[in-house]
$ cat final-v2.cif   # mmCIF, C-alpha atoms
data_work
loop_
_atom_site.label_atom_id
_atom_site.label_comp_id
_atom_site.auth_asym_id
_atom_site.auth_seq_id
_atom_site.Cartn_x
_atom_site.Cartn_y
_atom_site.Cartn_z
CA MET E 1169 99.37 77.03 52.85
CA ASN E 1170 95.82 77.22 54.20
CA ILE E 1171 96.79 75.15 57.23
CA ILE E 1172 99.67 77.53 58.01
CA LYS E 1173 97.33 80.55 57.86
CA LYS E 1174 94.81 78.88 60.18
CA THR E 1175 97.56 77.84 62.59
CA ALA E 1176 99.04 81.36 62.64
CA LEU E 1177 95.60 82.91 63.18
CA THR E 1178 94.85 80.51 66.02
CA PHE E 1179 98.23 81.21 67.60
CA PHE E 1180 97.76 85.00 67.50
CA MET E 1181 94.22 84.71 68.88
CA ALA E 1182 95.47 82.62 71.78
CA ILE E 1183 98.21 85.14 72.58
CA SER E 1184 95.86 88.12 72.45
CA LEU E 1185 93.27 86.41 74.67
CA GLY E 1186 95.95 85.39 77.12
CA ALA E 1187 97.31 88.91 77.33
CA SER E 1188 93.89 90.46 77.88
CA SER E 1189 93.02 88.00 80.65
CA ALA E 1190 96.31 88.78 82.42
CA ILE E 1191 95.47 92.47 82.31
CA ALA E 1192 91.99 91.79 83.69
CA PHE E 1193 93.48 89.70 86.49
CA ALA E 1194 95.92 92.47 87.43
CA GLU E 1195 93.08 95.01 87.49
CA GLU E 1196 91.00 92.72 89.69
CA ALA E 1197 93.91 92.33 92.13
CA ALA E 1198 94.34 96.10 92.35
CA ASN E 1199 90.63 96.56 93.06
CA SER E 1200 90.66 93.90 95.78
CA SER E 1201 93.66 95.60 97.40
CA ALA E 1202 91.78 98.90 97.51
CA ALA E 1203 88.82 97.12 99.09
CA SER E 1204 91.13 95.54 101.67
CA ILE E 1205 92.57 98.94 102.54
CA SER E 1206 89.09 100.39 103.05
CA GLU E 1207 88.04 97.41 105.14
CA THR E 1208 91.17 97.63 107.27
CA ILE E 1209 90.72 101.36 107.85
CA ALA E 1210 87.09 100.80 108.84
CA HIS E 1211 88.07 98.15 111.41
CA VAL E 1212 90.85 100.29 112.87
CA GLU E 1213 88.49 103.28 113.15
CA LYS E 1214 85.87 101.12 114.90
CA ALA E 1215 88.57 99.83 117.24
CA LEU E 1216 89.63 103.39 117.98
CA VAL E 1217 86.07 104.30 118.95
CA GLU E 1218 85.88 101.25 121.22
CA VAL E 1219 89.25 102.03 122.82
CA ASN E 1220 88.10 105.59 123.55
CA LYS E 1221 85.03 104.10 125.25
CA SER E 1222 87.37 101.75 127.19
CA ASP E 1223 85.62 98.72 125.69
CA PHE E 1224 88.81 96.76 125.09
CA SER E 1225 87.24 93.40 124.23
CA ALA E 1226 85.26 94.89 121.31
CA ALA E 1227 88.35 96.85 120.24
CA ASN E 1228 90.37 93.64 120.28
CA LEU E 1229 87.88 91.96 117.93
CA HIS E 1230 88.09 94.86 115.47
CA LEU E 1231 91.87 94.88 115.65
CA LYS E 1232 92.00 91.15 114.90
CA ALA E 1233 89.73 91.72 111.89
CA ALA E 1234 91.92 94.64 110.78
CA ARG E 1235 95.04 92.50 110.97
CA ALA E 1236 93.35 89.74 108.97
CA SER E 1237 92.19 92.09 106.21
CA SER E 1238 95.56 93.86 106.09
CA GLU E 1239 97.20 90.64 104.90
CA GLN E 1240 95.55 91.13 101.51
CA ILE E 1241 96.89 94.65 100.99
CA THR E 1242 99.42 95.05 98.22
CA GLY E 1243 101.40 98.16 97.51
CA ASN E 1244 104.22 99.88 99.33
CA GLU E 1245 105.40 97.04 101.57
CA ALA E 1246 107.33 99.31 103.94
CA ILE E 1247 104.24 101.41 104.72
CA VAL E 1248 102.04 98.33 105.08
CA LYS E 1249 104.55 96.76 107.47
CA GLN E 1250 104.80 99.96 109.53
CA ALA E 1251 101.00 100.31 109.68
CA ASN E 1252 100.63 96.68 110.75
CA ALA E 1253 103.22 97.25 113.47
CA SER E 1254 101.22 100.25 114.71
CA VAL E 1255 98.06 98.14 114.82
CA VAL E 1256 99.89 95.46 116.81
CA GLN E 1257 101.27 98.06 119.23
CA GLY E 1258 97.80 99.55 119.60
CA GLN E 1259 96.41 96.09 120.31
CA ILE E 1260 99.07 95.45 122.95
CA SER E 1261 98.40 98.83 124.56
CA SER E 1262 94.66 98.19 124.61
CA LYS E 1263 95.22 94.83 126.31
CA HIS E 1264 97.15 96.69 129.03
CA GLY E 1265 94.34 99.25 129.33
CA ASP E 1266 96.41 102.22 128.13
CA VAL E 1267 93.84 104.32 126.25
CA LYS E 1268 96.15 107.19 125.28
CA LYS E 1269 98.95 105.06 123.86
CA SER E 1270 96.56 102.73 122.09
CA ALA E 1271 94.65 105.65 120.53
CA ALA E 1272 97.90 107.25 119.39
CA GLU E 1273 99.10 104.04 117.72
CA LEU E 1274 95.74 103.45 116.04
CA ASN E 1275 95.63 107.02 114.72
CA LYS E 1276 99.13 106.52 113.34
CA ALA E 1277 98.03 103.28 111.64
CA ILE E 1278 94.98 104.98 110.11
CA GLU E 1279 97.15 107.73 108.63
CA LEU E 1280 99.57 105.18 107.20
CA TYR E 1281 96.79 103.11 105.63
CA LYS E 1282 95.20 106.24 104.16
CA SER E 1283 98.53 107.16 102.55
CA LEU E 1284 98.34 103.97 100.48
#
$ encode --input "final-v2.cif" --output "structure tokens"
Amino acid sequence: MNIIKKTALTFFMAISLGASSAIAFAEEAANSSAASISETIAHVEKALVEVNKSDFSAANLHLKAARASSEQITGNEAIVKQANASVVQGQISSKHGDVKKSAAELNKAIELYKSL
């Protein structure tokens, strides 16, 4: 009878520890997603400043970094996909030297990322 009690206690302890670690992991993932959103917004804003200065090579570097950090964003997939598409369109426009179109796309992407 003593062995059954010890086994049951061990089993319940293992389940409770497993459940709490899963919750901690989910919280950590949510925090890292928020950090990725902030990092992505920062890169897009820096790229927007560089595009407005017509420094397209520096803008391109920031846009590449924004696209890399946006891969780690979790949340509303439709908004993330639309924001990424705006970043890509802004990058294409900046490569063609179109400041107005690139700035418009980057502003659109910033608003979409901030809505997350």
$ resolve_selection --input "final-v2.cif" --expression "the PyMOL selection byres ((chain E and resi 1248) around 10)" --output "count of residues only"
21
$ resolve_selection --input "final-v2.cif" --expression "the PyMOL selection byres ((chain E and resi 1269) around 12)" --output "PyMOL selection string"
chain E and resi 1216+1219-1220+1254-1268+1270-1276
$ residues_around --input "final-v2.cif" --residues "His1230 of chain E" --least-positions-apart "2" --cutoff "7 Å" --atoms "only C-alpha atoms" --output "compact mmCIF listing (two decimals) with C-alpha atoms, keeping the file's coordinate frame"
# COMPACT_ATOMS: atom_id res chain seq x y z
CA HIS E 1211 88.07 98.15 111.41
CA VAL E 1212 90.85 100.29 112.87
CA LYS E 1214 85.87 101.12 114.90
CA ALA E 1215 88.57 99.83 117.24
CA ALA E 1226 85.26 94.89 121.31
CA ALA E 1227 88.35 96.85 120.24
CA ASN E 1228 90.37 93.64 120.28
CA LYS E 1232 92.00 91.15 114.90
CA ALA E 1233 89.73 91.72 111.89
CA ALA E 1234 91.92 94.64 110.78
$ atom_distance --input "final-v2.cif" --atom1 "atom CA of Ala1202 of chain E" --atom2 "atom CA of Glu1279 of chain E"
15.2 Å
$ atom_distance --input "final-v2.cif" --atom1 "atom CA of Ile1171 of chain E" --atom2 "atom CA of Ile1183 of chain E"
18.4 Å
$ atom_distance --input "final-v2.cif" --atom1 "atom CA of Ser1222 of chain E" --atom2 "atom CA of Ala1203 of chain E"
28.5 Å
$ axis_aligned_box --input "final-v2.cif" --around "segment 1266-1274 of chain E" --padding-each-side "3 Å" --output "AutoDock Vina command-line options"
--center_x 96.5 --center_y 104.7 --center_z 122.1 --size_x 11.3 --size_y 11.0 --size_z 18.1
$ build_atoms --input "final-v2.cif" --residues "segment 1212-1232 of chain E" --atoms "N, CA, C and O atoms" --output "PDB file, keeping the file's coordinate frame"
ATOM      1  N   VAL E1212      89.990  99.551 111.945  1.00  0.00           N
ATOM      2  CA  VAL E1212      90.850 100.290 112.870  1.00  0.00           C
ATOM      3  C   VAL E1212      90.095 101.478 113.457  1.00  0.00           C
ATOM      4  O   VAL E1212      90.215 101.773 114.651  1.00  0.00           O
ATOM      5  N   GLU E1213      89.281 102.154 112.629  1.00  0.00           N
ATOM      6  CA  GLU E1213      88.490 103.280 113.150  1.00  0.00           C
ATOM      7  C   GLU E1213      87.467 102.815 114.184  1.00  0.00           C
ATOM      8  O   GLU E1213      87.261 103.468 115.208  1.00  0.00           O
ATOM      9  N   LYS E1214      86.820 101.666 113.926  1.00  0.00           N
ATOM     10  CA  LYS E1214      85.870 101.120 114.900  1.00  0.00           C
ATOM     11  C   LYS E1214      86.593 100.730 116.190  1.00  0.00           C
ATOM     12  O   LYS E1214      86.066 100.942 117.289  1.00  0.00           O
ATOM     13  N   ALA E1215      87.783 100.178 116.057  1.00  0.00           N
ATOM     14  CA  ALA E1215      88.570  99.830 117.240  1.00  0.00           C
ATOM     15  C   ALA E1215      88.952 101.071 118.026  1.00  0.00           C
ATOM     16  O   ALA E1215      88.927 101.064 119.267  1.00  0.00           O
ATOM     17  N   LEU E1216      89.277 102.140 117.319  1.00  0.00           N
ATOM     18  CA  LEU E1216      89.630 103.390 117.980  1.00  0.00           C
ATOM     19  C   LEU E1216      88.457 103.942 118.789  1.00  0.00           C
ATOM     20  O   LEU E1216      88.627 104.394 119.932  1.00  0.00           O
ATOM     21  N   VAL E1217      87.268 103.861 118.227  1.00  0.00           N
ATOM     22  CA  VAL E1217      86.070 104.300 118.950  1.00  0.00           C
ATOM     23  C   VAL E1217      85.878 103.459 120.209  1.00  0.00           C
ATOM     24  O   VAL E1217      85.587 103.988 121.284  1.00  0.00           O
ATOM     25  N   GLU E1218      86.051 102.144 120.076  1.00  0.00           N
ATOM     26  CA  GLU E1218      85.880 101.250 121.220  1.00  0.00           C
ATOM     27  C   GLU E1218      86.954 101.479 122.283  1.00  0.00           C
ATOM     28  O   GLU E1218      86.670 101.411 123.483  1.00  0.00           O
ATOM     29  N   VAL E1219      88.178 101.756 121.863  1.00  0.00           N
ATOM     30  CA  VAL E1219      89.250 102.030 122.820  1.00  0.00           C
ATOM     31  C   VAL E1219      88.933 103.310 123.588  1.00  0.00           C
ATOM     32  O   VAL E1219      89.125 103.386 124.808  1.00  0.00           O
ATOM     33  N   ASN E1220      88.441 104.330 122.891  1.00  0.00           N
ATOM     34  CA  ASN E1220      88.100 105.590 123.550  1.00  0.00           C
ATOM     35  C   ASN E1220      86.954 105.418 124.546  1.00  0.00           C
ATOM     36  O   ASN E1220      86.846 106.185 125.499  1.00  0.00           O
ATOM     37  N   LYS E1221      86.099 104.411 124.309  1.00  0.00           N
ATOM     38  CA  LYS E1221      85.030 104.100 125.250  1.00  0.00           C
ATOM     39  C   LYS E1221      85.501 103.143 126.347  1.00  0.00           C
ATOM     40  O   LYS E1221      84.728 102.763 127.214  1.00  0.00           O
ATOM     41  N   SER E1222      86.764 102.727 126.275  1.00  0.00           N
ATOM     42  CA  SER E1222      87.370 101.750 127.190  1.00  0.00           C
ATOM     43  C   SER E1222      86.709 100.382 127.108  1.00  0.00           C
ATOM     44  O   SER E1222      86.694  99.626 128.078  1.00  0.00           O
ATOM     45  N   ASP E1223      86.177 100.048 125.944  1.00  0.00           N
ATOM     46  CA  ASP E1223      85.620  98.720 125.690  1.00  0.00           C
ATOM     47  C   ASP E1223      86.691  97.918 124.939  1.00  0.00           C
ATOM     48  O   ASP E1223      86.679  97.815 123.717  1.00  0.00           O
ATOM     49  N   PHE E1224      87.625  97.362 125.695  1.00  0.00           N
ATOM     50  CA  PHE E1224      88.810  96.760 125.090  1.00  0.00           C
ATOM     51  C   PHE E1224      88.533  95.416 124.422  1.00  0.00           C
ATOM     52  O   PHE E1224      89.230  95.041 123.483  1.00  0.00           O
ATOM     53  N   SER E1225      87.523  94.688 124.867  1.00  0.00           N
ATOM     54  CA  SER E1225      87.240  93.400 124.230  1.00  0.00           C
ATOM     55  C   SER E1225      86.672  93.613 122.822  1.00  0.00           C
ATOM     56  O   SER E1225      87.046  92.898 121.889  1.00  0.00           O
ATOM     57  N   ALA E1226      85.789  94.593 122.647  1.00  0.00           N
ATOM     58  CA  ALA E1226      85.260  94.890 121.310  1.00  0.00           C
ATOM     59  C   ALA E1226      86.369  95.456 120.425  1.00  0.00           C
ATOM     60  O   ALA E1226      86.447  95.143 119.228  1.00  0.00           O
ATOM     61  N   ALA E1227      87.227  96.290 121.007  1.00  0.00           N
ATOM     62  CA  ALA E1227      88.350  96.850 120.240  1.00  0.00           C
ATOM     63  C   ALA E1227      89.278  95.736 119.768  1.00  0.00           C
ATOM     64  O   ALA E1227      89.769  95.762 118.635  1.00  0.00           O
ATOM     65  N   ASN E1228      89.503  94.754 120.631  1.00  0.00           N
ATOM     66  CA  ASN E1228      90.370  93.640 120.280  1.00  0.00           C
ATOM     67  C   ASN E1228      89.815  92.855 119.090  1.00  0.00           C
ATOM     68  O   ASN E1228      90.564  92.434 118.212  1.00  0.00           O
ATOM     69  N   LEU E1229      88.508  92.672 119.059  1.00  0.00           N
ATOM     70  CA  LEU E1229      87.880  91.960 117.930  1.00  0.00           C
ATOM     71  C   LEU E1229      88.074  92.738 116.627  1.00  0.00           C
ATOM     72  O   LEU E1229      88.380  92.156 115.578  1.00  0.00           O
ATOM     73  N   HIS E1230      87.895  94.053 116.677  1.00  0.00           N
ATOM     74  CA  HIS E1230      88.090  94.860 115.470  1.00  0.00           C
ATOM     75  C   HIS E1230      89.556  94.871 115.040  1.00  0.00           C
ATOM     76  O   HIS E1230      89.851  94.865 113.844  1.00  0.00           O
ATOM     77  N   LEU E1231      90.452  94.889 115.996  1.00  0.00           N
ATOM     78  CA  LEU E1231      91.870  94.880 115.650  1.00  0.00           C
ATOM     79  C   LEU E1231      92.291  93.555 115.031  1.00  0.00           C
ATOM     80  O   LEU E1231      93.096  93.523 114.099  1.00  0.00           O
ATOM     81  N   LYS E1232      91.722  92.454 115.514  1.00  0.00           N
ATOM     82  CA  LYS E1232      92.000  91.150 114.900  1.00  0.00           C
ATOM     83  C   LYS E1232      91.481  91.124 113.458  1.00  0.00           C
ATOM     84  O   LYS E1232      92.153  90.617 112.552  1.00  0.00           O
TER      85      LYS E1232
END
